[in-house]
file data_7.txt (compact mmCIF, C-alpha atoms)
# COMPACT_ATOMS: atom_id res chain seq x y z
CA MET A 18 58.26 118.52 131.03
CA LYS A 19 60.65 121.45 131.28
CA LYS A 20 63.65 119.13 131.44
CA HIS A 21 62.39 117.26 128.39
CA SER A 22 62.05 120.55 126.49
CA LEU A 23 65.58 121.63 127.45
CA LEU A 24 66.97 118.25 126.40
CA LYS A 25 65.15 118.49 123.09
CA LYS A 26 66.56 121.97 122.46
CA GLY A 27 70.02 120.80 123.44
CA LEU A 28 69.90 117.85 121.06
CA GLY A 29 68.59 120.12 118.31
CA GLY A 30 71.46 122.55 118.87
CA LEU A 31 73.99 119.72 118.85
CA ALA A 32 72.53 118.36 115.62
CA ALA A 33 72.81 121.82 114.04
CA VAL A 34 76.45 122.11 115.08
CA VAL A 35 77.22 118.66 113.64
CA LEU A 36 75.49 119.52 110.36
CA ILE A 37 77.37 122.82 110.07
CA ALA A 38 80.68 121.10 110.82
CA ALA A 39 79.96 118.39 108.23
CA ALA A 40 79.05 121.04 105.66
CA LEU A 41 82.31 122.93 106.31
CA VAL A 42 84.39 119.76 105.97
CA ALA A 43 82.55 118.81 102.76
CA ASP A 44 83.12 122.31 101.36
CA SER A 45 86.85 122.02 102.06
CA ARG A 46 86.97 118.59 100.45
CA TYR A 47 84.88 118.92 97.30
CA ARG A 48 84.29 122.58 96.28
CA LEU A 49 87.04 123.61 93.88
CA GLN A 50 88.66 127.01 94.13
CA LEU A 51 90.54 128.74 91.31
CA THR A 52 93.45 130.97 92.35
CA GLU A 53 95.07 133.24 89.75
CA TYR A 54 98.40 135.07 89.81
CA ARG A 55 100.10 137.36 87.30
CA LEU A 56 103.88 137.31 87.70
CA SER A 57 106.41 139.48 85.85
CA PHE A 58 110.00 138.67 84.93
CA ASN A 59 112.81 140.59 83.24
CA ASN A 60 114.05 137.69 81.11
CA LEU A 61 110.76 136.20 79.92
CA PRO A 62 110.88 135.87 76.11
CA GLU A 63 108.42 138.01 74.19
CA SER A 64 106.59 134.98 72.76
CA PHE A 65 105.73 133.86 76.31
CA GLU A 66 104.01 137.12 77.25
CA GLY A 67 100.62 136.12 78.67
CA CYS A 68 101.57 132.43 78.90
CA ARG A 69 99.12 130.67 81.23
CA ILE A 70 100.36 127.86 83.46
CA VAL A 71 97.84 125.60 85.17
CA HIS A 72 99.40 124.13 88.30
CA ILE A 73 97.99 120.83 89.63
CA SER A 74 99.30 119.38 92.88
CA ASP A 75 98.47 116.91 95.66
CA LEU A 76 95.43 115.26 94.12
CA HIS A 77 95.95 112.21 96.37
CA GLY A 78 93.50 110.17 94.31
CA MET A 79 90.58 112.61 94.74
CA SER A 80 87.89 112.75 92.09
CA PHE A 81 85.72 115.80 91.53
CA GLY A 82 82.66 114.46 89.77
CA ARG A 83 82.38 111.39 87.58
CA ASP A 84 85.64 110.86 85.66
CA ASN A 85 86.97 113.94 87.46
CA SER A 86 84.72 116.00 85.19
CA ARG A 87 84.51 119.12 87.37
CA LEU A 88 88.28 119.38 87.67
CA VAL A 89 88.79 118.69 83.97
CA GLU A 90 86.21 121.35 83.04
CA LEU A 91 87.87 123.92 85.30
CA ILE A 92 91.25 123.22 83.70
CA LEU A 93 89.87 123.41 80.16
CA ASN A 94 88.20 126.75 80.92
CA GLN A 95 91.59 128.29 81.78
CA GLN A 96 92.92 127.73 78.23
CA PRO A 97 96.38 126.85 79.54
CA ASP A 98 99.59 127.06 77.53
CA ILE A 99 101.42 124.80 80.00
CA ILE A 100 100.21 122.29 82.58
CA ALA A 101 102.51 121.57 85.54
CA ILE A 102 101.72 118.58 87.79
CA THR A 103 103.86 118.63 90.92
CA GLY A 104 103.42 115.27 92.59
CA ASP A 105 101.39 113.38 95.20
CA ILE A 106 98.80 112.68 92.53
CA ALA A 107 98.19 108.98 93.27
CA GLY A 108 95.77 107.78 95.93
CA ASP A 109 96.67 105.71 98.98
CA GLY A 110 98.25 102.44 97.92
CA GLY A 111 99.08 103.90 94.52
CA ASP A 112 95.52 103.99 93.15
CA LEU A 113 95.57 105.74 89.76
CA GLU A 114 91.92 105.62 88.64
CA SER A 115 91.19 109.31 89.27
CA VAL A 116 94.58 110.26 87.83
CA GLU A 117 93.84 108.48 84.57
CA ALA A 118 90.42 110.14 84.35
CA LEU A 119 92.11 113.53 84.75
CA LEU A 120 94.78 112.75 82.15
CA ARG A 121 92.20 111.49 79.70
CA GLY A 122 90.29 114.75 80.03
CA ILE A 123 93.29 117.02 79.39
CA GLU A 124 95.14 114.88 76.85
CA GLY A 125 96.67 116.94 74.05
CA LEU A 126 95.49 120.26 75.49
CA CYS A 127 98.99 121.79 75.73
CA PRO A 128 102.54 120.81 76.81
CA ALA A 129 102.25 119.09 80.19
CA TYR A 130 104.95 118.15 82.70
CA TYR A 131 105.00 115.94 85.78
CA VAL A 132 107.36 115.45 88.74
CA ASN A 133 107.02 112.80 91.44
CA GLY A 134 106.03 113.57 95.01
CA ASN A 135 106.95 111.77 98.22
CA HIS A 136 103.77 109.65 98.11
CA GLU A 137 104.55 108.18 94.68
CA TRP A 138 107.83 106.90 96.06
CA ALA A 139 106.28 105.79 99.37
CA ASN A 140 103.57 103.84 97.52
CA ASN A 141 106.09 102.23 95.14
CA CYS A 142 104.09 103.36 92.12
CA VAL A 143 106.66 105.56 90.36
CA PRO A 144 107.11 103.28 87.31
CA GLU A 145 103.33 102.84 86.91
CA ILE A 146 102.48 106.52 87.22
CA GLU A 147 105.30 107.62 84.92
CA ALA A 148 104.16 105.10 82.30
CA LEU A 149 100.58 106.36 82.66
CA MET A 150 101.66 109.99 82.33
CA GLU A 151 103.72 109.29 79.22
CA SER A 152 100.85 107.31 77.63
CA TYR A 153 98.72 110.49 77.78
CA GLY A 154 101.48 112.73 76.46
CA VAL A 155 102.64 114.17 79.79
CA ARG A 156 106.42 114.57 79.99
CA CYS A 157 107.89 113.15 83.21
CA LEU A 158 110.93 115.08 84.41
CA SER A 159 113.11 113.21 86.91
CA ASN A 160 116.05 115.57 87.52
CA GLU A 161 115.79 116.53 83.87
CA ILE A 162 115.97 119.79 81.93
CA GLU A 163 114.06 120.61 78.75
CA LEU A 164 113.50 123.57 76.47
CA LEU A 165 109.92 124.55 75.71
CA TYR A 166 109.60 126.49 72.45
CA LYS A 167 107.14 129.09 71.21
CA GLY A 168 108.24 130.02 67.74
CA ASP A 169 111.95 130.86 67.94
CA ASP A 170 111.78 131.68 71.67
CA SER A 171 112.18 129.13 74.46
CA ILE A 172 112.14 128.78 78.23
CA VAL A 173 113.82 126.15 80.38
CA VAL A 174 111.65 123.66 82.26
CA ILE A 175 113.41 121.83 85.10
CA GLY A 176 111.91 118.88 86.97
CA ALA A 177 113.48 118.11 90.36
CA GLU A 178 113.02 114.65 91.86
CA ASP A 179 111.61 114.24 95.35
CA PRO A 180 113.97 113.42 98.26
CA ASN A 181 111.98 110.20 98.82
CA GLY A 182 113.59 108.92 95.62
CA ARG A 183 116.74 106.85 95.36
CA ALA A 184 119.71 107.99 97.44
CA ASP A 185 121.95 108.19 94.36
CA MET A 186 119.73 110.72 92.57
CA MET A 187 121.02 114.17 91.67
CA LYS A 188 120.47 116.81 94.34
CA PRO A 189 118.70 120.12 93.56
CA TRP A 190 121.85 122.20 93.85
CA ASP A 191 123.67 120.04 91.29
CA LEU A 192 120.62 120.14 89.00
CA SER A 193 120.65 123.94 89.26
CA LEU A 194 124.36 124.09 88.38
CA LYS A 195 123.75 121.88 85.35
CA ALA A 196 120.87 124.08 84.16
CA GLY A 197 123.01 127.19 84.62
CA GLU A 198 125.88 125.72 82.62
CA LEU A 199 123.57 124.80 79.74
CA TYR A 200 121.19 127.77 79.66
CA SER A 201 122.60 130.70 81.61
CA GLY A 202 120.41 133.81 81.38
CA LYS A 203 117.31 132.06 80.03
CA PHE A 204 113.99 132.08 81.87
CA MET A 205 113.80 128.97 84.06
CA LEU A 206 110.66 127.28 85.39
CA TRP A 207 111.45 124.82 88.19
CA LEU A 208 108.95 122.08 89.07
CA ALA A 209 109.23 120.21 92.36
CA HIS A 210 106.92 118.72 94.94
CA ARG A 211 108.16 119.99 98.29
CA ASN A 212 107.75 123.54 99.54
CA ASP A 213 111.12 123.89 101.32
CA TYR A 214 113.15 125.39 98.48
CA ILE A 215 113.44 128.89 99.93
CA THR A 216 114.75 127.49 103.23
CA MET A 217 117.07 124.85 101.73
CA TYR A 218 118.00 126.14 98.26
CA LYS A 219 117.55 129.89 98.42
CA ASP A 220 120.20 130.62 95.78
CA ILE A 221 119.41 128.05 93.10
CA GLY A 222 119.45 129.49 89.61
CA THR A 223 115.83 129.72 88.53
CA ASP A 224 113.12 132.34 88.07
CA LEU A 225 110.00 130.55 89.25
CA VAL A 226 109.48 127.44 91.41
CA LEU A 227 106.13 125.64 91.44
CA CYS A 228 105.47 123.20 94.28
CA GLY A 229 102.86 121.88 96.71
CA HIS A 230 103.18 119.39 99.58
CA ALA A 231 101.89 121.63 102.40
CA HIS A 232 98.14 121.14 101.73
CA GLY A 233 97.64 124.78 102.71
CA GLY A 234 98.33 123.95 106.35
CA ILE A 235 95.37 121.50 106.32
CA ILE A 236 93.30 123.66 108.69
CA ARG A 237 93.23 127.39 107.88
CA LEU A 238 92.17 129.97 110.44
CA PRO A 239 91.36 133.65 109.83
CA PHE A 240 94.33 135.97 110.57
CA VAL A 241 96.47 132.88 111.32
CA GLY A 242 96.71 130.96 108.04
CA GLY A 243 97.71 127.33 107.87
CA LEU A 244 97.64 125.65 111.26
CA LEU A 245 99.46 122.36 110.69
CA SER A 246 102.74 121.50 109.01
CA THR A 247 103.17 118.44 106.82
CA HIS A 248 104.78 116.78 109.86
CA HIS A 249 101.48 117.23 111.78
CA THR A 250 103.01 119.84 114.09
CA LEU A 251 101.58 123.26 114.85
CA GLY A 252 102.74 126.13 112.68
CA ALA A 253 102.69 125.68 108.91
CA GLU A 254 105.36 127.48 106.88
CA TYR A 255 105.26 128.34 103.18
CA GLU A 256 101.85 126.68 102.97
CA LYS A 257 100.26 128.62 100.07
CA GLY A 258 100.75 131.54 97.75
CA ILE A 259 103.75 133.44 96.37
CA TYR A 260 107.05 133.78 98.22
CA SER A 261 110.32 135.45 97.22
CA SER A 262 113.76 134.10 98.01
CA GLY A 263 115.41 137.28 96.76
CA HIS A 264 116.60 135.28 93.76
CA TYR A 265 113.37 133.70 92.51
CA LEU A 266 109.65 133.46 93.19
CA MET A 267 108.08 130.31 94.62
CA GLU A 268 104.38 129.50 94.24
CA VAL A 269 102.98 126.93 96.65
CA SER A 270 99.66 125.31 95.77
CA ARG A 271 97.28 124.32 98.56
CA GLY A 272 96.61 121.21 96.50
CA LEU A 273 93.46 119.29 95.69
CA GLY A 274 93.36 116.36 98.09
CA ASN A 275 94.55 115.13 101.46
CA SER A 276 96.57 112.24 102.84
CA VAL A 277 96.17 112.56 106.61
CA PRO A 278 93.32 111.65 109.01
CA ILE A 279 92.78 115.32 109.90
CA PRO A 280 90.28 116.79 107.40
CA ARG A 281 90.97 120.00 105.52
CA LEU A 282 88.97 122.87 107.01
CA PHE A 283 88.40 126.40 105.61
CA ASN A 284 90.79 125.17 102.95
CA ARG A 285 89.07 124.38 99.67
CA PRO A 286 90.84 122.24 97.03
CA GLU A 287 92.85 124.62 94.87
CA LEU A 288 93.70 124.83 91.20
CA VAL A 289 96.28 127.53 90.46
CA VAL A 290 96.69 129.52 87.25
CA ILE A 291 99.79 131.67 86.72
CA GLU A 292 99.97 134.16 83.89
CA LEU A 293 103.51 135.14 82.94
CA SER A 294 104.39 138.65 81.80
CA ARG A 295 107.46 140.66 80.90
CA ASN A 296 108.72 143.55 83.00
CA ASN A 297 108.63 146.70 80.88
call {"tool": "encode", "arguments": {"input": "data_7.txt", "output": "structure tokens"}}
result
Amino acid sequence: MKKHSLLKKGLGGLAAVVLIAAALVADSRYRLQLTEYRLSFNNLPESFEGCRIVHISDLHGMSFGRDNSRLVELILNQQPDIIAITGDIAGDGGDLESVEALLRGIEGLCPAYYVNGNHEWANNCVPEIEALMESYGVRCLSNEIELLYKGDDSIVVIGAEDPNGRADMMKPWDLSLKAGELYSGKFMLWLAHRNDYITMYKDIGTDLVLCGHAHGGIIRLPFVGGLLSTHHTLGAEYEKGIYSSGHYLMEVSRGLGNSVPIPRLFNRPELVVIELSRNN
């Protein structure tokens, strides 16, 4: 009888542990987190004071509510002036259903820009996703440079293509040189997917880089941070938050979805809002 009681308690304890673990994994998969930053720059035009950028990255086909309604509502509530989508948006195999639901919900809200991630190239869905983006008014930037105007003022928006793209594509350093030749001294917003800019392109001419790719280190531990790199090795680097190269700031989103068998843990899906300000 005593053994039966101990076994029953043991099974009950195990069941509790399993339920807690499942709840933690579900929390890190479905419960959206909003992260806000206020960043100041010397050369930001006066008209862009208080400009709010919503940064969306690494959706990986995830849907938050029917027709992605919870994510759409969170974006709408931020009243963005710019939306930046930095790649790995499509699901495995190039599924775009949740992407289209998101785009439908934010269509016409404000100027929106998109750059490809490594998964769009790996899934051979670049033409399809770019056509979908453009059909909802999102500007696709593939190693392209554009001016975004507010009244008579403007900033430079640069979209860098992912290294998974064609071998003959322009490299980031050459894209930076081109932007500098055209718009030297202007505020530059650089959109890319990968989070290795500070290690590989520390001196590129820009003011702010927005990227993702790291998934926040997938598993986040207190006092440690991200545990896993995007190569599934221990020790994530530049996995979330704001970093300085000494020449520019880089914001890395933890992203919204996942693309590996290891579940996100203590790492809720993240939507980032950046408010720009002028240094006085």
call {"tool": "closest_residue", "arguments": {"input": "data_7.txt", "among": "A:Leu282, A:Leu192, A:Leu126, A:Ile100", "to": "Thr223 (chain A)", "atoms": "only C-alpha atoms"}}
result
A:Leu192
call {"tool": "residues_around", "arguments": {"input": "data_7.txt", "residues": "region 49-63 of chain A", "least_positions_apart": "6", "cutoff": "7 Å", "atoms": "only C-alpha atoms", "output": "list in words"}}
result
Asp170, Lys203, Phe204, Arg285, Pro286, Glu287, Leu288, Val289, Val290, Ile291, Glu292, Leu293, Ser294, Arg295 and Asn296 of chain A
call {"tool": "write_last_selection", "arguments": {"input": "data_7.txt", "atoms": "C-alpha atoms", "output": "compact mmCIF listing (two decimals), keeping the file's coordinate frame"}}
result
# COMPACT_ATOMS: atom_id res chain seq x y z
CA ASP A 170 111.78 131.68 71.67
CA LYS A 203 117.31 132.06 80.03
CA PHE A 204 113.99 132.08 81.87
CA ARG A 285 89.07 124.38 99.67
CA PRO A 286 90.84 122.24 97.03
CA GLU A 287 92.85 124.62 94.87
CA LEU A 288 93.70 124.83 91.20
CA VAL A 289 96.28 127.53 90.46
CA VAL A 290 96.69 129.52 87.25
CA ILE A 291 99.79 131.67 86.72
CA GLU A 292 99.97 134.16 83.89
CA LEU A 293 103.51 135.14 82.94
CA SER A 294 104.39 138.65 81.80
CA ARG A 295 107.46 140.66 80.90
CA ASN A 296 108.72 143.55 83.00
call {"tool": "closest_residue", "arguments": {"input": "data_7.txt", "among": "A:Leu208, A:Leu238, A:Ala196, A:Leu273", "to": "Gly176 (chain A)", "atoms": "all atoms listed in the file"}}
result
A:Leu208
call {"tool": "closest_residue", "arguments": {"input": "data_7.txt", "among": "A:Ile221, A:Ala148, A:Leu120, A:Ile70", "to": "Gly263 (chain A)", "atoms": "only C-alpha atoms"}}
result
A:Ile221
call {"tool": "atom_distance", "arguments": {"input": "data_7.txt", "atom1": "CA of Gln95 (chain A)", "atom2": "CA of Gly222 (chain A)"}}
result
29.0 Å
call {"tool": "residues_around", "arguments": {"input": "data_7.txt", "residues": "Thr247 (chain A)", "least_positions_apart": "2", "cutoff": "7 Å", "atoms": "all atoms listed in the file", "output": "PyMOL selection string"}}
result
chain A and resi 231+245+249
call {"tool": "axis_aligned_box", "arguments": {"input": "data_7.txt", "around": "region 160-165 of chain A", "padding_each_side": "3 Å", "output": "AutoDock Vina command-line options"}}
result
--center_x 113.0 --center_y 120.1 --center_z 81.6 --size_x 12.1 --size_y 15.0 --size_z 17.8
call {"tool": "closest_residue", "arguments": {"input": "data_7.txt", "among": "A:Phe65, A:Asp105, A:Leu149, A:Ala253", "to": "Tyr166 (chain A)", "atoms": "all atoms listed in the file"}}
result
A:Phe65
call {"tool": "atom_distance", "arguments": {"input": "data_7.txt", "atom1": "CA of Ser80 (chain A)", "atom2": "CA of Ser115 (chain A)"}}
result
5.5 Å
call {"tool": "atom_distance", "arguments": {"input": "data_7.txt", "atom1": "CA of Tyr47 (chain A)", "atom2": "CA of Met267 (chain A)"}}
result
26.0 Å
call {"tool": "residues_around", "arguments": {"input": "data_7.txt", "residues": "Asp224 (chain A)", "least_positions_apart": "3", "cutoff": "7 Å", "atoms": "only C-alpha atoms", "output": "PDB file with C-alpha atoms, in the coordinates of the input"}}
result
ATOM      1  CA  PHE A 204     113.990 132.080  81.870  1.00  0.00           C
ATOM      2  CA  MET A 205     113.800 128.970  84.060  1.00  0.00           C
ATOM      3  CA  LEU A 206     110.660 127.280  85.390  1.00  0.00           C
ATOM      4  CA  TYR A 265     113.370 133.700  92.510  1.00  0.00           C
ATOM      5  CA  LEU A 266     109.650 133.460  93.190  1.00  0.00           C
TER       6      LEU A 266
END
call {"tool": "build_atoms", "arguments": {"input": "data_7.txt", "residues": "region 195-231 of chain A", "atoms": "N, CA and C atoms", "output": "JSON list (two decimals), in the frame of the given file"}}
result
[["chain", "number", "residue", "atom", "x", "y", "z"],
["A", 195, "LYS", "N", 123.82, 122.43, 86.69],
["A", 195, "LYS", "CA", 123.75, 121.88, 85.35],
["A", 195, "LYS", "C", 122.91, 122.77, 84.44],
["A", 196, "ALA", "N", 121.74, 123.21, 84.95],
["A", 196, "ALA", "CA", 120.87, 124.08, 84.16],
["A", 196, "ALA", "C", 121.57, 125.40, 83.85],
["A", 197, "GLY", "N", 122.30, 125.94, 84.83],
["A", 197, "GLY", "CA", 123.01, 127.19, 84.62],
["A", 197, "GLY", "C", 124.12, 127.07, 83.59],
["A", 198, "GLU", "N", 124.81, 125.95, 83.60],
["A", 198, "GLU", "CA", 125.88, 125.72, 82.62],
["A", 198, "GLU", "C", 125.31, 125.63, 81.20],
["A", 199, "LEU", "N", 124.16, 125.01, 81.07],
["A", 199, "LEU", "CA", 123.57, 124.80, 79.74],
["A", 199, "LEU", "C", 122.83, 126.03, 79.22],
["A", 200, "TYR", "N", 122.13, 126.75, 80.12],
["A", 200, "TYR", "CA", 121.19, 127.77, 79.66],
["A", 200, "TYR", "C", 121.25, 129.04, 80.49],
["A", 201, "SER", "N", 122.43, 129.51, 80.80],
["A", 201, "SER", "CA", 122.60, 130.70, 81.61],
["A", 201, "SER", "C", 121.85, 131.89, 80.99],
["A", 202, "GLY", "N", 121.11, 132.61, 81.81],
["A", 202, "GLY", "CA", 120.41, 133.81, 81.38],
["A", 202, "GLY", "C", 119.01, 133.59, 80.85],
["A", 203, "LYS", "N", 118.65, 132.34, 80.53],
["A", 203, "LYS", "CA", 117.31, 132.06, 80.03],
["A", 203, "LYS", "C", 116.31, 131.98, 81.18],
["A", 204, "PHE", "N", 115.03, 132.22, 80.86],
["A", 204, "PHE", "CA", 113.99, 132.08, 81.87],
["A", 204, "PHE", "C", 113.86, 130.61, 82.25],
["A", 205, "MET", "N", 113.85, 130.34, 83.56],
["A", 205, "MET", "CA", 113.80, 128.97, 84.06],
["A", 205, "MET", "C", 112.59, 128.75, 84.94],
["A", 206, "LEU", "N", 111.83, 127.72, 84.61],
["A", 206, "LEU", "CA", 110.66, 127.28, 85.39],
["A", 206, "LEU", "C", 111.03, 125.97, 86.07],
["A", 207, "TRP", "N", 111.01, 125.97, 87.39],
["A", 207, "TRP", "CA", 111.45, 124.82, 88.19],
["A", 207, "TRP", "C", 110.23, 124.14, 88.80],
["A", 208, "LEU", "N", 110.07, 122.85, 88.52],
["A", 208, "LEU", "CA", 108.95, 122.08, 89.07],
["A", 208, "LEU", "C", 109.48, 121.11, 90.12],
["A", 209, "ALA", "N", 108.84, 121.11, 91.27],
["A", 209, "ALA", "CA", 109.23, 120.21, 92.36],
["A", 209, "ALA", "C", 108.00, 119.95, 93.20],
["A", 210, "HIS", "N", 108.08, 118.99, 94.10],
["A", 210, "HIS", "CA", 106.92, 118.72, 94.94],
["A", 210, "HIS", "C", 106.96, 119.49, 96.25],
["A", 211, "ARG", "N", 108.10, 119.47, 96.92],
["A", 211, "ARG", "CA", 108.16, 119.99, 98.29],
["A", 211, "ARG", "C", 108.32, 121.51, 98.31],
["A", 212, "ASN", "N", 107.83, 122.08, 99.41],
["A", 212, "ASN", "CA", 107.75, 123.54, 99.54],
["A", 212, "ASN", "C", 108.89, 124.12, 100.38],
["A", 213, "ASP", "N", 110.02, 123.43, 100.45],
["A", 213, "ASP", "CA", 111.12, 123.89, 101.32],
["A", 213, "ASP", "C", 112.27, 124.52, 100.55],
["A", 214, "TYR", "N", 112.04, 124.89, 99.29],
["A", 214, "TYR", "CA", 113.15, 125.39, 98.48],
["A", 214, "TYR", "C", 113.74, 126.68, 99.01],
["A", 215, "ILE", "N", 112.90, 127.61, 99.46],
["A", 215, "ILE", "CA", 113.44, 128.89, 99.93],
["A", 215, "ILE", "C", 114.28, 128.70, 101.19],
["A", 216, "THR", "N", 113.96, 127.72, 102.02],
["A", 216, "THR", "CA", 114.75, 127.49, 103.23],
["A", 216, "THR", "C", 116.00, 126.66, 102.95],
["A", 217, "MET", "N", 115.95, 125.77, 101.97],
["A", 217, "MET", "CA", 117.07, 124.85, 101.73],
["A", 217, "MET", "C", 117.92, 125.21, 100.51],
["A", 218, "TYR", "N", 117.29, 125.85, 99.51],
["A", 218, "TYR", "CA", 118.00, 126.14, 98.26],
["A", 218, "TYR", "C", 117.68, 127.56, 97.80],
["A", 219, "LYS", "N", 117.93, 128.50, 98.67],
["A", 219, "LYS", "CA", 117.55, 129.89, 98.42],
["A", 219, "LYS", "C", 118.22, 130.46, 97.17],
["A", 220, "ASP", "N", 119.41, 130.01, 96.86],
["A", 220, "ASP", "CA", 120.20, 130.62, 95.78],
["A", 220, "ASP", "C", 120.23, 129.82, 94.49],
["A", 221, "ILE", "N", 119.37, 128.81, 94.35],
["A", 221, "ILE", "CA", 119.41, 128.05, 93.10],
["A", 221, "ILE", "C", 119.08, 128.97, 91.93],
["A", 222, "GLY", "N", 119.64, 128.65, 90.77],
["A", 222, "GLY", "CA", 119.45, 129.49, 89.61],
["A", 222, "GLY", "C", 118.16, 129.17, 88.88],
["A", 223, "THR", "N", 117.11, 129.89, 89.21],
["A", 223, "THR", "CA", 115.83, 129.72, 88.53],
["A", 223, "THR", "C", 115.06, 131.03, 88.66],
["A", 224, "ASP", "N", 113.95, 131.14, 87.97],
["A", 224, "ASP", "CA", 113.12, 132.34, 88.07],
["A", 224, "ASP", "C", 111.83, 132.07, 88.83],
["A", 225, "LEU", "N", 111.28, 130.89, 88.63],
["A", 225, "LEU", "CA", 110.00, 130.55, 89.25],
["A", 225, "LEU", "C", 109.98, 129.08, 89.64],
["A", 226, "VAL", "N", 109.64, 128.81, 90.89],
["A", 226, "VAL", "CA", 109.48, 127.44, 91.41],
["A", 226, "VAL", "C", 108.00, 127.20, 91.65],
["A", 227, "LEU", "N", 107.49, 126.07, 91.15],
["A", 227, "LEU", "CA", 106.13, 125.64, 91.44],
["A", 227, "LEU", "C", 106.18, 124.38, 92.29],
["A", 228, "CYS", "N", 105.45, 124.36, 93.39],
["A", 228, "CYS", "CA", 105.47, 123.20, 94.28],
["A", 228, "CYS", "C", 104.16, 123.11, 95.05],
["A", 229, "GLY", "N", 104.06, 122.10, 95.90],
["A", 229, "GLY", "CA", 102.86, 121.88, 96.71],
["A", 229, "GLY", "C", 103.25, 121.36, 98.07],
["A", 230, "HIS", "N", 102.76, 120.16, 98.40],
["A", 230, "HIS", "CA", 103.18, 119.39, 99.58],
["A", 230, "HIS", "C", 102.55, 119.83, 100.89],
["A", 231, "ALA", "N", 102.31, 121.13, 101.09],
["A", 231, "ALA", "CA", 101.89, 121.63, 102.40],
["A", 231, "ALA", "C", 100.39, 121.49, 102.65]]
